[in-house]
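Q: My structure is stored as model.tsv, with TSV, C-alpha atoms.
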```tsv
chain	number	residue	atom	x	y	z
A	233	MET	CA	-25.75	-26.34	65.80
A	234	ILE	CA	-28.08	-27.97	63.28
A	235	VAL	CA	-26.76	-27.68	59.72
A	236	LEU	CA	-28.91	-28.62	56.71
A	237	LYS	CA	-26.98	-29.74	53.62
A	238	SER	CA	-27.44	-28.78	49.98
A	239	ALA	CA	-27.65	-31.38	47.22
A	240	ARG	CA	-23.97	-30.72	46.37
A	241	GLU	CA	-22.88	-31.20	49.97
A	242	ILE	CA	-24.80	-34.46	50.26
A	243	ALA	CA	-23.22	-35.61	47.00
A	244	LEU	CA	-19.75	-35.06	48.50
A	245	MET	CA	-20.79	-36.98	51.61
A	246	ARG	CA	-22.12	-39.74	49.36
A	247	ARG	CA	-18.69	-39.98	47.71
A	248	ALA	CA	-17.03	-40.14	51.14
A	249	GLY	CA	-19.57	-42.74	52.20
A	250	GLN	CA	-18.75	-45.03	49.30
A	251	ILE	CA	-15.07	-44.94	50.27
A	252	VAL	CA	-15.98	-45.73	53.87
A	253	ALA	CA	-18.09	-48.67	52.71
A	254	THR	CA	-15.26	-49.94	50.50
A	255	VAL	CA	-12.82	-49.80	53.40
A	256	LEU	CA	-15.17	-51.61	55.78
A	257	ALA	CA	-15.91	-54.34	53.24
A	258	GLU	CA	-12.20	-54.98	52.73
A	259	LEU	CA	-11.30	-54.88	56.42
A	260	SER	CA	-14.18	-57.18	57.34
A	261	GLN	CA	-12.73	-59.78	54.96
A	262	ARG	CA	-9.18	-59.32	56.25
A	263	ALA	CA	-10.05	-59.46	59.97
A	264	LYS	CA	-8.95	-63.02	60.81
A	265	PRO	CA	-7.13	-64.77	63.64
A	266	GLY	CA	-3.44	-63.80	63.57
A	267	VAL	CA	-3.98	-60.36	62.01
A	268	THR	CA	-3.09	-57.25	64.04
A	269	THR	CA	-5.37	-54.27	64.39
A	270	LEU	CA	-2.45	-52.09	63.23
A	271	ALA	CA	-2.29	-54.02	59.94
A	272	LEU	CA	-6.00	-53.31	59.41
A	273	ASP	CA	-5.41	-49.63	60.12
A	274	GLN	CA	-2.56	-49.44	57.61
A	275	LEU	CA	-4.71	-51.12	54.95
A	276	ALA	CA	-7.58	-48.72	55.62
A	277	GLU	CA	-5.36	-45.66	55.27
A	278	SER	CA	-3.90	-46.92	51.99
A	279	ILE	CA	-7.38	-47.43	50.51
A	280	ILE	CA	-8.57	-44.00	51.65
A	281	LEU	CA	-5.53	-42.21	50.23
A	282	LYS	CA	-5.75	-44.18	46.97
A	283	HIS	CA	-9.24	-42.72	46.49
A	284	GLY	CA	-7.95	-39.18	46.95
A	285	ALA	CA	-9.65	-38.72	50.32
A	286	ARG	CA	-8.31	-38.39	53.85
A	287	PRO	CA	-8.98	-40.31	57.07
A	288	SER	CA	-11.32	-38.28	59.27
A	289	PHE	CA	-10.09	-39.83	62.50
A	290	LYS	CA	-6.34	-39.39	62.12
A	291	ASN	CA	-5.12	-36.48	64.27
A	292	TYR	CA	-8.70	-35.69	65.31
A	293	LYS	CA	-8.76	-34.00	68.73
A	294	PRO	CA	-12.18	-33.13	70.12
A	295	ALA	CA	-12.54	-31.08	73.27
A	296	GLY	CA	-11.42	-33.08	76.28
A	297	ALA	CA	-9.31	-35.57	74.34
A	298	PRO	CA	-5.86	-36.10	75.88
A	299	TYR	CA	-4.08	-36.04	72.50
A	300	PRO	CA	-4.98	-36.32	68.80
A	301	PHE	CA	-6.25	-39.74	67.73
A	302	PRO	CA	-3.21	-41.47	66.20
A	303	ALA	CA	-4.82	-43.78	63.64
A	304	SER	CA	-7.16	-43.92	60.64
A	305	ILE	CA	-9.65	-46.38	62.15
A	306	CYS	CA	-10.96	-47.23	65.58
A	307	ALA	CA	-10.43	-50.92	66.37
A	308	SER	CA	-12.18	-51.98	69.58
A	309	VAL	CA	-12.01	-55.61	70.75
A	310	ASN	CA	-14.40	-57.58	72.98
A	311	ASP	CA	-15.33	-55.42	76.00
A	312	GLU	CA	-14.02	-52.29	74.24
A	313	VAL	CA	-16.98	-50.22	73.06
A	314	VAL	CA	-15.48	-47.50	70.86
A	315	HIS	CA	-12.32	-45.48	70.14
A	316	GLY	CA	-9.90	-48.39	70.37
A	317	ILE	CA	-6.44	-47.45	69.08
A	318	PRO	CA	-4.95	-49.91	66.53
A	319	SER	CA	-1.78	-51.59	67.75
A	320	SER	CA	0.30	-54.76	67.55
A	321	ARG	CA	-2.56	-56.61	69.26
A	322	VAL	CA	-3.19	-59.88	67.46
A	323	LEU	CA	-6.79	-60.88	66.80
A	324	ARG	CA	-7.69	-64.28	68.21
A	325	GLU	CA	-10.37	-66.86	67.53
A	326	GLY	CA	-13.59	-65.81	69.27
A	327	ASP	CA	-12.80	-62.08	69.46
A	328	VAL	CA	-15.48	-59.50	68.70
A	329	LEU	CA	-13.98	-56.61	66.73
A	330	LYS	CA	-15.59	-53.21	66.16
A	331	ILE	CA	-14.18	-51.34	63.13
A	332	ASP	CA	-15.13	-47.66	62.86
A	333	VAL	CA	-14.04	-45.62	59.81
A	334	GLY	CA	-14.42	-41.97	58.84
A	335	VAL	CA	-13.51	-40.41	55.48
A	336	ALA	CA	-13.44	-36.79	54.33
A	337	VAL	CA	-13.89	-35.67	50.71
A	338	GLU	CA	-13.36	-31.95	50.05
A	339	GLY	CA	-14.02	-31.28	53.73
A	340	TYR	CA	-17.22	-33.35	54.03
A	341	HIS	CA	-17.26	-36.41	56.25
A	342	ALA	CA	-18.97	-39.79	56.33
A	343	ASP	CA	-18.71	-42.21	59.22
A	344	SER	CA	-19.64	-45.90	59.54
A	345	ALA	CA	-18.87	-48.93	61.68
A	346	VAL	CA	-19.34	-52.69	61.75
A	347	THR	CA	-18.80	-55.47	64.26
A	348	VAL	CA	-16.99	-58.57	63.02
A	349	GLY	CA	-16.66	-61.94	64.71
A	350	ILE	CA	-13.12	-63.32	64.45
A	351	GLY	CA	-13.24	-66.96	63.46
A	352	GLU	CA	-15.78	-68.98	65.46
A	353	ILE	CA	-17.50	-66.84	68.10
A	354	SER	CA	-19.86	-67.77	70.92
A	355	PRO	CA	-23.64	-67.98	70.37
A	356	GLN	CA	-24.11	-65.06	72.79
A	357	ALA	CA	-21.65	-62.92	70.80
A	358	ARG	CA	-23.47	-63.78	67.56
A	359	ARG	CA	-26.78	-62.81	69.15
A	360	LEU	CA	-25.36	-59.50	70.43
A	361	ILE	CA	-24.04	-58.67	66.96
A	362	GLU	CA	-27.35	-59.53	65.29
A	363	VAL	CA	-29.40	-57.50	67.77
A	364	THR	CA	-27.09	-54.50	67.33
A	365	LYS	CA	-27.60	-54.71	63.55
A	366	GLN	CA	-31.33	-54.73	64.21
A	367	CYS	CA	-30.92	-51.63	66.40
A	368	LEU	CA	-29.27	-49.78	63.50
A	369	ASP	CA	-31.99	-50.92	61.09
A	370	ALA	CA	-34.65	-49.65	63.50
A	371	ALA	CA	-32.82	-46.32	63.83
A	372	ILE	CA	-32.70	-45.89	60.05
A	373	GLN	CA	-36.41	-46.66	59.74
A	374	ALA	CA	-37.19	-44.02	62.38
A	375	ALA	CA	-34.95	-41.40	60.73
A	376	ARG	CA	-37.63	-39.86	58.55
A	377	GLY	CA	-38.47	-36.23	57.86
A	378	GLY	CA	-41.09	-35.05	60.37
A	379	ASN	CA	-40.06	-37.51	63.07
A	380	ARG	CA	-37.99	-36.44	66.06
A	381	ALA	CA	-34.67	-37.48	67.54
A	382	GLY	CA	-36.46	-39.28	70.35
A	383	ASP	CA	-38.09	-41.58	67.81
A	384	ILE	CA	-34.64	-42.81	66.77
A	385	GLY	CA	-33.42	-43.32	70.33
A	386	ALA	CA	-36.63	-45.06	71.38
A	387	ALA	CA	-36.42	-47.45	68.42
A	388	ILE	CA	-32.86	-48.46	69.32
A	389	GLN	CA	-33.65	-48.81	73.01
A	390	HIS	CA	-36.72	-50.96	72.39
A	391	VAL	CA	-34.86	-53.45	70.21
A	392	ALA	CA	-31.86	-53.74	72.55
A	393	GLU	CA	-33.68	-53.94	75.85
A	394	SER	CA	-36.38	-56.30	74.57
A	395	GLN	CA	-33.55	-58.78	73.88
A	396	GLY	CA	-31.94	-58.37	77.30
A	397	PHE	CA	-29.09	-56.05	76.25
A	398	SER	CA	-28.30	-52.48	77.32
A	399	VAL	CA	-27.72	-49.24	75.43
A	400	VAL	CA	-24.54	-47.22	76.04
A	401	ARG	CA	-25.56	-43.78	77.27
A	402	GLU	CA	-22.31	-41.82	77.59
A	403	TYR	CA	-21.67	-41.96	73.82
A	404	THR	CA	-24.26	-41.17	71.18
A	405	SER	CA	-25.20	-40.93	67.55
A	406	HIS	CA	-24.33	-37.48	66.17
A	407	GLY	CA	-24.56	-34.92	63.42
A	408	VAL	CA	-21.94	-35.28	60.70
A	409	GLY	CA	-21.00	-33.42	57.53
A	410	ARG	CA	-18.83	-30.33	57.48
A	411	ALA	CA	-17.31	-31.68	60.70
A	412	LEU	CA	-16.91	-35.24	61.93
A	413	HIS	CA	-19.07	-34.43	64.95
A	414	GLU	CA	-21.33	-31.64	63.86
A	415	GLY	CA	-22.39	-29.86	66.98
A	416	PHE	CA	-24.98	-32.19	68.54
A	417	GLY	CA	-25.49	-35.72	69.80
A	418	LEU	CA	-28.52	-37.97	69.54
A	419	PRO	CA	-28.88	-40.39	72.46
A	420	ASN	CA	-29.45	-44.00	71.44
A	421	TYR	CA	-32.36	-44.17	73.91
A	422	GLY	CA	-35.31	-41.89	74.52
A	423	THR	CA	-39.00	-41.14	74.27
A	424	PRO	CA	-40.93	-41.10	70.98
A	425	GLY	CA	-42.12	-37.71	69.79
A	426	THR	CA	-39.52	-35.74	71.75
A	427	GLY	CA	-36.32	-33.95	70.85
A	428	MET	CA	-35.04	-32.30	67.70
A	429	LEU	CA	-37.25	-32.27	64.60
A	430	LEU	CA	-35.74	-34.25	61.72
A	431	ARG	CA	-35.73	-32.03	58.64
A	432	PRO	CA	-34.72	-32.87	55.05
A	433	GLY	CA	-31.05	-31.99	54.52
A	434	LEU	CA	-30.03	-33.05	58.01
A	435	THR	CA	-27.19	-35.60	57.97
A	436	LEU	CA	-26.66	-37.96	60.89
A	437	ALA	CA	-24.28	-40.71	61.94
A	438	LEU	CA	-26.60	-43.27	63.54
A	439	GLU	CA	-24.42	-45.29	65.89
A	440	PRO	CA	-26.00	-47.72	68.36
A	441	MET	CA	-23.50	-49.17	70.85
A	442	ILE	CA	-25.05	-52.13	72.65
A	443	ASN	CA	-23.64	-53.98	75.66
A	444	GLU	CA	-24.07	-57.57	76.74
A	445	GLY	CA	-24.19	-56.49	80.37
A	446	ARG	CA	-24.51	-53.12	82.10
A	447	HIS	CA	-24.67	-49.91	80.07
A	448	GLN	CA	-21.98	-48.06	82.03
A	449	THR	CA	-18.52	-47.58	80.53
A	450	ARG	CA	-15.01	-46.54	81.53
A	451	VAL	CA	-12.09	-44.99	79.64
A	452	LYS	CA	-8.87	-47.01	79.59
A	453	LYS	CA	-5.44	-45.64	80.52
A	454	ASP	CA	-4.66	-44.61	76.93
A	455	GLY	CA	-7.25	-41.85	77.34
A	456	TRP	CA	-9.24	-42.88	74.24
A	457	THR	CA	-10.42	-46.49	74.41
A	458	VAL	CA	-13.87	-46.89	75.99
A	459	ALA	CA	-14.73	-50.26	77.58
A	460	THR	CA	-17.70	-51.76	79.38
A	461	ILE	CA	-17.53	-51.29	83.13
A	462	ASP	CA	-18.24	-54.97	83.81
A	463	GLY	CA	-15.88	-56.46	81.21
A	464	LYS	CA	-18.70	-57.92	79.13
A	465	LEU	CA	-18.95	-57.74	75.35
A	466	SER	CA	-20.08	-54.72	73.34
A	467	ALA	CA	-21.12	-54.35	69.69
A	468	GLN	CA	-21.46	-51.32	67.40
A	469	PHE	CA	-22.91	-50.62	63.98
A	470	GLU	CA	-23.12	-47.23	62.28
A	471	HIS	CA	-24.31	-45.61	59.06
A	472	THR	CA	-24.31	-42.01	57.89
A	473	VAL	CA	-27.74	-41.05	56.61
A	474	ALA	CA	-29.39	-38.04	54.99
A	475	ILE	CA	-32.89	-37.14	56.12
A	476	THR	CA	-35.42	-36.76	53.30
A	477	GLU	CA	-39.17	-36.26	53.08
A	478	GLY	CA	-39.49	-40.05	53.16
A	479	ALA	CA	-37.09	-42.83	54.08
A	480	ALA	CA	-33.55	-41.75	54.97
A	481	GLU	CA	-30.84	-42.19	52.35
A	482	VAL	CA	-28.00	-44.34	53.67
A	483	LEU	CA	-24.79	-42.70	52.42
A	484	THR	CA	-22.36	-45.35	53.69
A	485	ARG	CA	-23.96	-48.43	52.12
A	486	LEU	CA	-21.89	-49.90	49.29
A	487	ASP	CA	-23.63	-49.46	45.92
```
Turn the structure described in the file into structure tokens.
A:
Amino acid sequence: MIVLKSAREIALMRRAGQIVATVLAELSQRAKPGVTTLALDQLAESIILKHGARPSFKNYKPAGAPYPFPASICASVNDEVVHGIPSSRVLREGDVLKIDVGVAVEGYHADSAVTVGIGEISPQARRLIEVTKQCLDAAIQAARGGNRAGDIGAAIQHVAESQGFSVVREYTSHGVGRALHEGFGLPNYGTPGTGMLLRPGLTLALEPMINEGRHQTRVKKDGWTVATIDGKLSAQFEHTVAITEGAAEVLTRLD
């Protein structure tokens, strides 16, 4: 279901987005060799609660999930694409860490993610991260009132594939707002001029997930963590945006 937001609702999402951005900025600085993903999760939850908000991910159980998600962030390392569960795993030099954070303020959600290189990473990993950032930038530029969902997917796909990378297809960008996943997905690939019309008041979590190798994925034994099927690296960046008559407003960018 497509839900358009009022100015008040977008303001609440903007507040949630600033908390998300604060958490990601802090965790990106703290993500170093020797740190566990569980320690990052605990820090994230403390920041969220200090701001009077709640973690969107903790105890979230979408249809088909084996059990509620047990943490406040997703922490996915190297070949893990998304939905990694924080644990006692120690980050090591050269790792590629995806940190995904959701925050709810008065029932309205914002969702954002970054990819962080741990210590010195390989040139190929740096290139994958940079291209995935470019994919998100292209998605935001295409997310304008009057465009269509296919314009966003096509923009992401063009950037990724022109650089020799692949776009994850099983997991998508999505609507966000009154729910963490608000009733529809937006593939991160597609054909320009097709799909849902982007109307002012629509709020989206734009979330390109880009793989070094093949686009196919698999779910690990924990029932949540998604990894590349070929064991190669994956990167992810995400912003929550509000569609306007002109350029989209990015709600999860730190002011």
Q: What would the list of residues within 10 Å of (-7.6, -59.9, 63.7) (file frame) look like as a PDB file with C-alpha atoms, keeping the file's coordinate frame, if only C-alpha atoms are what count?
A:
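Written file, point.pdb:
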```
ATOM      1  CA  LEU A 259     -11.300 -54.880  56.420  1.00  0.00           C
ATOM      2  CA  SER A 260     -14.180 -57.180  57.340  1.00  0.00           C
ATOM      3  CA  ARG A 262      -9.180 -59.320  56.250  1.00  0.00           C
ATOM      4  CA  ALA A 263     -10.050 -59.460  59.970  1.00  0.00           C
ATOM      5  CA  LYS A 264      -8.950 -63.020  60.810  1.00  0.00           C
ATOM      6  CA  PRO A 265      -7.130 -64.770  63.640  1.00  0.00           C
ATOM      7  CA  GLY A 266      -3.440 -63.800  63.570  1.00  0.00           C
ATOM      8  CA  VAL A 267      -3.980 -60.360  62.010  1.00  0.00           C
ATOM      9  CA  THR A 268      -3.090 -57.250  64.040  1.00  0.00           C
ATOM     10  CA  THR A 269      -5.370 -54.270  64.390  1.00  0.00           C
ATOM     11  CA  LEU A 270      -2.450 -52.090  63.230  1.00  0.00           C
ATOM     12  CA  ALA A 271      -2.290 -54.020  59.940  1.00  0.00           C
ATOM     13  CA  LEU A 272      -6.000 -53.310  59.410  1.00  0.00           C
ATOM     14  CA  ALA A 307     -10.430 -50.920  66.370  1.00  0.00           C
ATOM     15  CA  VAL A 309     -12.010 -55.610  70.750  1.00  0.00           C
ATOM     16  CA  ARG A 321      -2.560 -56.610  69.260  1.00  0.00           C
ATOM     17  CA  VAL A 322      -3.190 -59.880  67.460  1.00  0.00           C
ATOM     18  CA  LEU A 323      -6.790 -60.880  66.800  1.00  0.00           C
ATOM     19  CA  ARG A 324      -7.690 -64.280  68.210  1.00  0.00           C
ATOM     20  CA  GLU A 325     -10.370 -66.860  67.530  1.00  0.00           C
ATOM     21  CA  ASP A 327     -12.800 -62.080  69.460  1.00  0.00           C
ATOM     22  CA  VAL A 328     -15.480 -59.500  68.700  1.00  0.00           C
ATOM     23  CA  LEU A 329     -13.980 -56.610  66.730  1.00  0.00           C
ATOM     24  CA  VAL A 348     -16.990 -58.570  63.020  1.00  0.00           C
ATOM     25  CA  GLY A 349     -16.660 -61.940  64.710  1.00  0.00           C
ATOM     26  CA  ILE A 350     -13.120 -63.320  64.450  1.00  0.00           C
ATOM     27  CA  GLY A 351     -13.240 -66.960  63.460  1.00  0.00           C
TER      28      GLY A 351
END
```
Q: Looking at only C-alpha atoms, which of A:Ala392, A:Glu444, A:Ile353, A:Arg376 is the one that sits closest to A:Gly478?
A: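 Looking at the shortest contact to A:Gly478, the residue is A:Arg376.
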Q: What is the distance between atom CA of A:Ala243 and atom CA of A:Leu438, in Å to one decimal?
A: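 Atom CA of A:Leu438 lies at a distance of 18.5 Å from atom CA of A:Ala243.
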Q: Counting only C-alpha atoms, which residues of stretch 258-279 of chain A fall within 10 Å of stretch 333-338 of chain A, and what is the closest atom pair for each with its distance in Å at one decimal, ordered by chain and rising number, as a Markdown table?
A:
```
| residue | atom | partner | partner_atom | distance |
| --- | --- | --- | --- | --- |
| A:Asp273 | CA | A:Val333 | CA | 9.5 |
| A:Ala276 | CA | A:Val333 | CA | 8.3 |
| A:Glu277 | CA | A:Val335 | CA | 9.7 |
```
Q: One decimal, Å: what's the distance from atom CA of A:Ser344 over to atom CA of A:Glu470, could you say?
A: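 It comes out at 4.6 Å.
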Q: Pick out the closest residue to A:Ala253 from this set: A:Pro318, A:Cys306, A:Thr426, A:Ala345. Count only C-alpha atoms.
A: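 Of A:Pro318, A:Cys306, A:Thr426, A:Ala345, the one nearest A:Ala253 is A:Ala345, counting only C-alpha atoms.
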Q: State, in Å with one decimal place, the distance from atom CA of A:Ile388 to atom CA of A:Arg401.
A: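 These two atoms are separated by 11.8 Å.
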Q: Rank A:Thr435, A:Ser288, A:Thr404, A:Ser320 by their smallest atom-to-atom distance to A:Gly339, using all atoms listed in the file, and report the top residue only.
A: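 The shortest atom-to-atom distance to A:Gly339 comes from A:Ser288.
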Q: Quick one: of A:Gly296, A:Gly433, A:Gly316, A:Pro440, who's nearest to A:Ile372, counting all atoms listed in the file?
A: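 Looking at the shortest contact to A:Ile372, the residue is A:Pro440.
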Q: Dump as a list of chain:residue names all residues having an atom at most 12 Å from (-43.5, -38.6, 73.9), computed in the file's coordinates with all atoms listed in the file.
A: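 Those residues, ordered by chain and then number, are A:Asn379, A:Arg380, A:Ala381, A:Gly382, A:Asp383, A:Gly385, A:Ala386, A:Gly422, A:Thr423, A:Pro424, A:Gly425, A:Thr426, A:Gly427.
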Q: Mind dumping the selected residues with C-alpha atoms as an mmCIF file, in the frame of the given file?
A:
```
data_model
loop_
_atom_site.group_PDB
_atom_site.id
_atom_site.type_symbol
_atom_site.label_atom_id
_atom_site.label_comp_id
_atom_site.auth_asym_id
_atom_site.auth_seq_id
_atom_site.Cartn_x
_atom_site.Cartn_y
_atom_site.Cartn_z
ATOM 1 C CA ASN A 379 -40.060 -37.510 63.070
ATOM 2 C CA ARG A 380 -37.990 -36.440 66.060
ATOM 3 C CA ALA A 381 -34.670 -37.480 67.540
ATOM 4 C CA GLY A 382 -36.460 -39.280 70.350
ATOM 5 C CA ASP A 383 -38.090 -41.580 67.810
ATOM 6 C CA GLY A 385 -33.420 -43.320 70.330
ATOM 7 C CA ALA A 386 -36.630 -45.060 71.380
ATOM 8 C CA GLY A 422 -35.310 -41.890 74.520
ATOM 9 C CA THR A 423 -39.000 -41.140 74.270
ATOM 10 C CA PRO A 424 -40.930 -41.100 70.980
ATOM 11 C CA GLY A 425 -42.120 -37.710 69.790
ATOM 12 C CA THR A 426 -39.520 -35.740 71.750
ATOM 13 C CA GLY A 427 -36.320 -33.950 70.850
#
```
Q: Enclose the full set of atoms of stretch 367-385 of chain A listed in the file within a box whose edges lie along x, y and z, apply 3 Å of padding to each of the six sides, and report centre and edge lengths in Å to one decimal as AutoDock Vina command-line options.
A:
```
--center_x -35.2 --center_y -43.3 --center_z 64.1 --size_x 17.8 --size_y 22.6 --size_z 18.5
```
Q: Ranking A:Ile280, A:His315, A:Thr476, A:Ala375 by minimum distance to A:Gln250 and counting all atoms listed in the file, which one comes first?
A: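 Under the stated criterion, the closest residue is A:Ile280.
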Q: Between A:Ala297, A:Val391, A:Ala342, A:Ala467, which one has atoms that come closest to A:Arg246, using all atoms listed in the file?
A: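 That would be A:Ala342, the residue with the smallest distance to A:Arg246.
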Q: Tell me, as a list of chain:residue names, which residues lie within 8 Å of A:Phe301, counting only C-alpha atoms; anything in the same chain fewer than 3 positions away does not count.
A: A:Phe289, A:Lys290, A:Asn291, A:Tyr292, A:Lys293, A:Ile317, A:Trp456
Q: How would the residues just chosen look if you wrote them out with C-alpha atoms as a PDB file, in the frame of the given file?
A:
```pdb
ATOM      1  CA  PHE A 289     -10.090 -39.830  62.500  1.00  0.00           C
ATOM      2  CA  LYS A 290      -6.340 -39.390  62.120  1.00  0.00           C
ATOM      3  CA  ASN A 291      -5.120 -36.480  64.270  1.00  0.00           C
ATOM      4  CA  TYR A 292      -8.700 -35.690  65.310  1.00  0.00           C
ATOM      5  CA  LYS A 293      -8.760 -34.000  68.730  1.00  0.00           C
ATOM      6  CA  ILE A 317      -6.440 -47.450  69.080  1.00  0.00           C
ATOM      7  CA  TRP A 456      -9.240 -42.880  74.240  1.00  0.00           C
TER       8      TRP A 456
END
```
Q: Do a neighbour search on stretch 234-239 of chain A at 12 Å with only C-alpha atoms, toss out local chain neighbours closer than 6 positions, and write the hits as a list of chain:residue names.
A: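 Listed by chain and then number, they are A:Met245, A:Arg246, A:Tyr340, A:His406, A:Gly407, A:Val408, A:Gly409, A:Arg410, A:Ala411, A:His413, A:Glu414, A:Gly415, A:Phe416, A:Gly417, A:Leu418, A:Met428, A:Leu429, A:Leu430, A:Arg431, A:Pro432, A:Gly433, A:Leu434, A:Thr435, A:Leu436, A:Val473, A:Ala474, A:Ile475, A:Thr476.
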Q: Residues within 7 Å of A:Val400, please, as an NGL selection string. Count all atoms listed in the file; anything in the same chain fewer than 6 positions from it doesn't count.
A: :A and (441-443 or 447-448)
